[in-house]
Amino acid sequence: MSRSHRKTPIIGVTKAPSDKTFKTSEHRRARRALNQIDLTADDAPHEKQFGDPWRADKDGKHPFDPKECSELMRK
């Protein structure tokens with residue numbers, strides 16, 4: 001894999017390597033909230049309430065010109 005290149009010229013907005021820590025903490029928060037409520041009730045929190053992607057370390061992706069930034073096409 002020493003010569004692998006990206007297929008699409010899109011990168012994350014920030015320089016965070018991954019969203020793994022954010023995702024694990026948000027899923028843990030969702031599981032705790034579900035364990036705290038009574039499951040027979042109909043007012044369970046919505047699954048989209050947790051894990052807001054705008055609060056993540058990498059909060060989006062951005063296209064770039066591969067001719068100007070050829071080093072970014074390298075994996």
# chains A, B, ... in the order shown; residues from 1 in each chain; ligands from 1
>>> residues_around(residues="Glu26 in chain A", least_positions_apart="2", cutoff="10 Å", atoms="only C-alpha atoms", output="number ranges by chain")
A: 20-24, 28-32, 49-52, 56
>>> write_last_selection(atoms="N, CA and C atoms", output="mmCIF file, in the first residue's frame")
data_model
loop_
_atom_site.group_PDB
_atom_site.id
_atom_site.type_symbol
_atom_site.label_atom_id
_atom_site.label_comp_id
_atom_site.auth_asym_id
_atom_site.auth_seq_id
_atom_site.Cartn_x
_atom_site.Cartn_y
_atom_site.Cartn_z
ATOM 1 N N LYS A 20 -13.533 8.328 15.780
ATOM 2 C CA LYS A 20 -13.779 7.159 16.609
ATOM 3 C C LYS A 20 -14.091 7.532 18.055
ATOM 4 N N THR A 21 -13.340 8.430 18.659
ATOM 5 C CA THR A 21 -13.590 8.790 20.056
ATOM 6 C C THR A 21 -14.933 9.495 20.206
ATOM 7 N N PHE A 22 -15.266 10.342 19.250
ATOM 8 C CA PHE A 22 -16.563 11.023 19.299
ATOM 9 C C PHE A 22 -17.709 10.032 19.180
ATOM 10 N N LYS A 23 -17.605 9.104 18.250
ATOM 11 C CA LYS A 23 -18.680 8.136 18.031
ATOM 12 C C LYS A 23 -18.857 7.211 19.230
ATOM 13 N N THR A 24 -17.754 6.757 19.819
ATOM 14 C CA THR A 24 -17.888 5.868 20.975
ATOM 15 C C THR A 24 -18.502 6.595 22.160
ATOM 16 N N ARG A 28 -22.176 5.661 23.743
ATOM 17 C CA ARG A 28 -22.246 5.362 25.166
ATOM 18 C C ARG A 28 -23.290 6.244 25.839
ATOM 19 N N ARG A 29 -23.324 7.514 25.452
ATOM 20 C CA ARG A 29 -24.309 8.435 26.023
ATOM 21 C C ARG A 29 -25.734 8.016 25.659
ATOM 22 N N ALA A 30 -25.932 7.543 24.435
ATOM 23 C CA ALA A 30 -27.255 7.090 24.003
ATOM 24 C C ALA A 30 -27.673 5.831 24.759
ATOM 25 N N ARG A 31 -26.739 4.905 24.943
ATOM 26 C CA ARG A 31 -27.074 3.679 25.680
ATOM 27 C C ARG A 31 -27.416 3.979 27.128
ATOM 28 N N ARG A 32 -26.697 4.900 27.741
ATOM 29 C CA ARG A 32 -27.004 5.270 29.130
ATOM 30 C C ARG A 32 -28.368 5.925 29.237
ATOM 31 N N GLN A 49 -31.018 12.197 18.356
ATOM 32 C CA GLN A 49 -30.741 13.190 19.382
ATOM 33 C C GLN A 49 -29.270 13.130 19.803
ATOM 34 N N PHE A 50 -28.661 11.978 19.668
ATOM 35 C CA PHE A 50 -27.270 11.788 20.066
ATOM 36 C C PHE A 50 -26.392 11.727 18.824
ATOM 37 N N GLY A 51 -25.164 12.140 18.967
ATOM 38 C CA GLY A 51 -24.208 12.037 17.867
ATOM 39 C C GLY A 51 -24.372 13.107 16.810
ATOM 40 N N ASP A 52 -24.522 14.355 17.225
ATOM 41 C CA ASP A 52 -24.644 15.458 16.277
ATOM 42 C C ASP A 52 -23.339 15.601 15.499
ATOM 43 N N ALA A 56 -18.718 16.972 16.079
ATOM 44 C CA ALA A 56 -17.631 16.007 15.943
ATOM 45 C C ALA A 56 -16.312 16.708 15.653
#
>>> select_by_dssp(residues="chain A", states="helix (DSSP H, G or I)", output="PyMOL selection string")
chain A and resi 20-36+47-49+53-55+70-73
>>> residues_around(residues="range 9-18 of chain A", least_positions_apart="6", cutoff="7 Å", atoms="only C-alpha atoms", output="MDAnalysis selection string")
chainID A and resid 57:66 73
>>> write_last_selection(atoms="N, CA, C and O atoms", output="compact mmCIF listing (two decimals), in the first residue's frame")
# COMPACT_ATOMS: atom_id res chain seq x y z
N ASP A 57 -15.22 15.95 15.80
CA ASP A 57 -13.90 16.50 15.51
C ASP A 57 -13.75 16.84 14.04
O ASP A 57 -13.21 17.87 13.68
N LYS A 58 -14.21 15.94 13.19
CA LYS A 58 -14.22 16.22 11.75
C LYS A 58 -15.65 16.52 11.38
O LYS A 58 -16.47 15.63 11.24
N ASP A 59 -15.96 17.77 11.22
CA ASP A 59 -17.36 18.15 11.06
C ASP A 59 -17.76 18.38 9.62
O ASP A 59 -18.64 19.16 9.32
N GLY A 60 -17.15 17.72 8.71
CA GLY A 60 -17.55 17.85 7.32
C GLY A 60 -16.41 17.50 6.38
O GLY A 60 -15.31 17.18 6.79
N LYS A 61 -16.70 17.54 5.12
CA LYS A 61 -15.70 17.26 4.10
C LYS A 61 -15.69 18.39 3.08
O LYS A 61 -16.67 19.09 2.93
N HIS A 62 -14.57 18.51 2.42
CA HIS A 62 -14.38 19.63 1.51
C HIS A 62 -13.64 19.14 0.26
O HIS A 62 -12.60 18.49 0.39
N PRO A 63 -14.12 19.45 -0.94
CA PRO A 63 -13.38 19.06 -2.13
C PRO A 63 -12.18 19.99 -2.36
O PRO A 63 -12.19 21.14 -1.93
N PHE A 64 -11.16 19.48 -3.01
CA PHE A 64 -9.99 20.30 -3.34
C PHE A 64 -9.53 19.96 -4.74
O PHE A 64 -9.92 18.95 -5.31
N ASP A 65 -8.70 20.81 -5.28
CA ASP A 65 -8.18 20.61 -6.63
C ASP A 65 -6.95 19.70 -6.54
O ASP A 65 -5.93 20.08 -5.95
N PRO A 66 -7.01 18.51 -7.11
CA PRO A 66 -5.88 17.59 -6.99
C PRO A 66 -4.64 18.06 -7.74
O PRO A 66 -3.53 17.63 -7.45
N MET A 73 -3.50 13.87 -2.27
CA MET A 73 -4.06 12.70 -2.92
C MET A 73 -3.35 11.41 -2.44
O MET A 73 -3.79 10.32 -2.76
>>> atom_distance(atom1="CA of Glu47 in chain A", atom2="CA of His27 in chain A")
9.7 Å
>>> select_by_dssp(residues="range 3-73 of chain A", states="strand (DSSP E or B)", output="PyMOL selection string")
chain A and resi 5+10-12+61-63
>>> write_last_selection(atoms="N, CA, C and O atoms", output="PDB file, in the first residue's frame")
ATOM      1  N   HIS A   5      -3.279   5.797  -3.687  1.00  0.00           N
ATOM      2  CA  HIS A   5      -3.735   7.165  -3.876  1.00  0.00           C
ATOM      3  C   HIS A   5      -5.234   7.232  -3.675  1.00  0.00           C
ATOM      4  O   HIS A   5      -5.950   6.258  -3.844  1.00  0.00           O
ATOM      5  N   ILE A  10     -11.487  14.582  -1.951  1.00  0.00           N
ATOM      6  CA  ILE A  10     -12.270  15.138  -0.846  1.00  0.00           C
ATOM      7  C   ILE A  10     -11.549  14.796   0.448  1.00  0.00           C
ATOM      8  O   ILE A  10     -11.147  13.667   0.666  1.00  0.00           O
ATOM      9  N   ILE A  11     -11.385  15.799   1.330  1.00  0.00           N
ATOM     10  CA  ILE A  11     -10.732  15.579   2.617  1.00  0.00           C
ATOM     11  C   ILE A  11     -11.597  16.149   3.723  1.00  0.00           C
ATOM     12  O   ILE A  11     -12.524  16.924   3.478  1.00  0.00           O
ATOM     13  N   GLY A  12     -11.299  15.791   4.967  1.00  0.00           N
ATOM     14  CA  GLY A  12     -11.993  16.330   6.121  1.00  0.00           C
ATOM     15  C   GLY A  12     -11.631  17.785   6.340  1.00  0.00           C
ATOM     16  O   GLY A  12     -10.541  18.236   5.965  1.00  0.00           O
ATOM     17  N   LYS A  61     -16.702  17.544   5.119  1.00  0.00           N
ATOM     18  CA  LYS A  61     -15.697  17.262   4.102  1.00  0.00           C
ATOM     19  C   LYS A  61     -15.693  18.388   3.080  1.00  0.00           C
ATOM     20  O   LYS A  61     -16.670  19.094   2.926  1.00  0.00           O
ATOM     21  N   HIS A  62     -14.568  18.512   2.416  1.00  0.00           N
ATOM     22  CA  HIS A  62     -14.384  19.628   1.506  1.00  0.00           C
ATOM     23  C   HIS A  62     -13.638  19.139   0.265  1.00  0.00           C
ATOM     24  O   HIS A  62     -12.599  18.494   0.386  1.00  0.00           O
ATOM     25  N   PRO A  63     -14.122  19.446  -0.936  1.00  0.00           N
ATOM     26  CA  PRO A  63     -13.383  19.057  -2.135  1.00  0.00           C
ATOM     27  C   PRO A  63     -12.182  19.986  -2.355  1.00  0.00           C
ATOM     28  O   PRO A  63     -12.187  21.139  -1.934  1.00  0.00           O
TER      29      PRO A  63
END
>>> residues_around(residues="Arg74 in chain A", least_positions_apart="4", cutoff="9 Å", atoms="only C-alpha atoms", output="ChimeraX atom specification")
/A:3-6,70
>>> write_last_selection(atoms="all heavy atoms", output="PDB file, in the first residue's frame")
ATOM      1  N   ARG A   3       2.036   2.833  -2.418  1.00  0.00           N
ATOM      2  CA  ARG A   3       1.756   3.717  -3.544  1.00  0.00           C
ATOM      3  C   ARG A   3       0.258   3.933  -3.744  1.00  0.00           C
ATOM      4  O   ARG A   3      -0.183   4.166  -4.858  1.00  0.00           O
ATOM      5  CB  ARG A   3       2.356   3.137  -4.813  1.00  0.00           C
ATOM      6  CG  ARG A   3       3.860   3.077  -4.743  1.00  0.00           C
ATOM      7  CD  ARG A   3       4.407   2.466  -5.987  1.00  0.00           C
ATOM      8  NE  ARG A   3       5.840   2.343  -5.855  1.00  0.00           N
ATOM      9  CZ  ARG A   3       6.694   2.744  -6.756  1.00  0.00           C
ATOM     10  NH1 ARG A   3       6.279   3.291  -7.865  1.00  0.00           N
ATOM     11  NH2 ARG A   3       7.975   2.593  -6.572  1.00  0.00           N
ATOM     12  N   SER A   4      -0.498   3.830  -2.689  1.00  0.00           N
ATOM     13  CA  SER A   4      -1.937   3.996  -2.840  1.00  0.00           C
ATOM     14  C   SER A   4      -2.297   5.478  -2.904  1.00  0.00           C
ATOM     15  O   SER A   4      -1.676   6.326  -2.258  1.00  0.00           O
ATOM     16  CB  SER A   4      -2.669   3.331  -1.688  1.00  0.00           C
ATOM     17  OG  SER A   4      -2.269   3.900  -0.470  1.00  0.00           O
ATOM     18  N   HIS A   5      -3.279   5.797  -3.687  1.00  0.00           N
ATOM     19  CA  HIS A   5      -3.735   7.165  -3.876  1.00  0.00           C
ATOM     20  C   HIS A   5      -5.234   7.232  -3.675  1.00  0.00           C
ATOM     21  O   HIS A   5      -5.950   6.258  -3.844  1.00  0.00           O
ATOM     22  CB  HIS A   5      -3.407   7.661  -5.292  1.00  0.00           C
ATOM     23  CG  HIS A   5      -1.958   7.813  -5.540  1.00  0.00           C
ATOM     24  ND1 HIS A   5      -1.247   8.920  -5.150  1.00  0.00           N
ATOM     25  CD2 HIS A   5      -1.064   6.986  -6.131  1.00  0.00           C
ATOM     26  CE1 HIS A   5       0.013   8.773  -5.504  1.00  0.00           C
ATOM     27  NE2 HIS A   5       0.154   7.601  -6.098  1.00  0.00           N
ATOM     28  N   ARG A   6      -5.704   8.418  -3.334  1.00  0.00           N
ATOM     29  CA  ARG A   6      -7.142   8.640  -3.205  1.00  0.00           C
ATOM     30  C   ARG A   6      -7.795   8.580  -4.567  1.00  0.00           C
ATOM     31  O   ARG A   6      -7.225   8.972  -5.571  1.00  0.00           O
ATOM     32  CB  ARG A   6      -7.411  10.027  -2.644  1.00  0.00           C
ATOM     33  CG  ARG A   6      -7.088  10.201  -1.235  1.00  0.00           C
ATOM     34  CD  ARG A   6      -7.509  11.617  -0.828  1.00  0.00           C
ATOM     35  NE  ARG A   6      -6.850  11.990   0.373  1.00  0.00           N
ATOM     36  CZ  ARG A   6      -7.313  11.683   1.579  1.00  0.00           C
ATOM     37  NH1 ARG A   6      -8.442  11.047   1.693  1.00  0.00           N
ATOM     38  NH2 ARG A   6      -6.652  12.025   2.650  1.00  0.00           N
ATOM     39  N   SER A  70      -1.249  17.967  -4.840  1.00  0.00           N
ATOM     40  CA  SER A  70      -1.041  16.563  -5.185  1.00  0.00           C
ATOM     41  C   SER A  70      -0.644  15.724  -3.981  1.00  0.00           C
ATOM     42  O   SER A  70      -0.885  14.522  -3.943  1.00  0.00           O
ATOM     43  CB  SER A  70      -0.008  16.428  -6.291  1.00  0.00           C
ATOM     44  OG  SER A  70       1.234  16.937  -5.824  1.00  0.00           O
TER      45      SER A  70
END
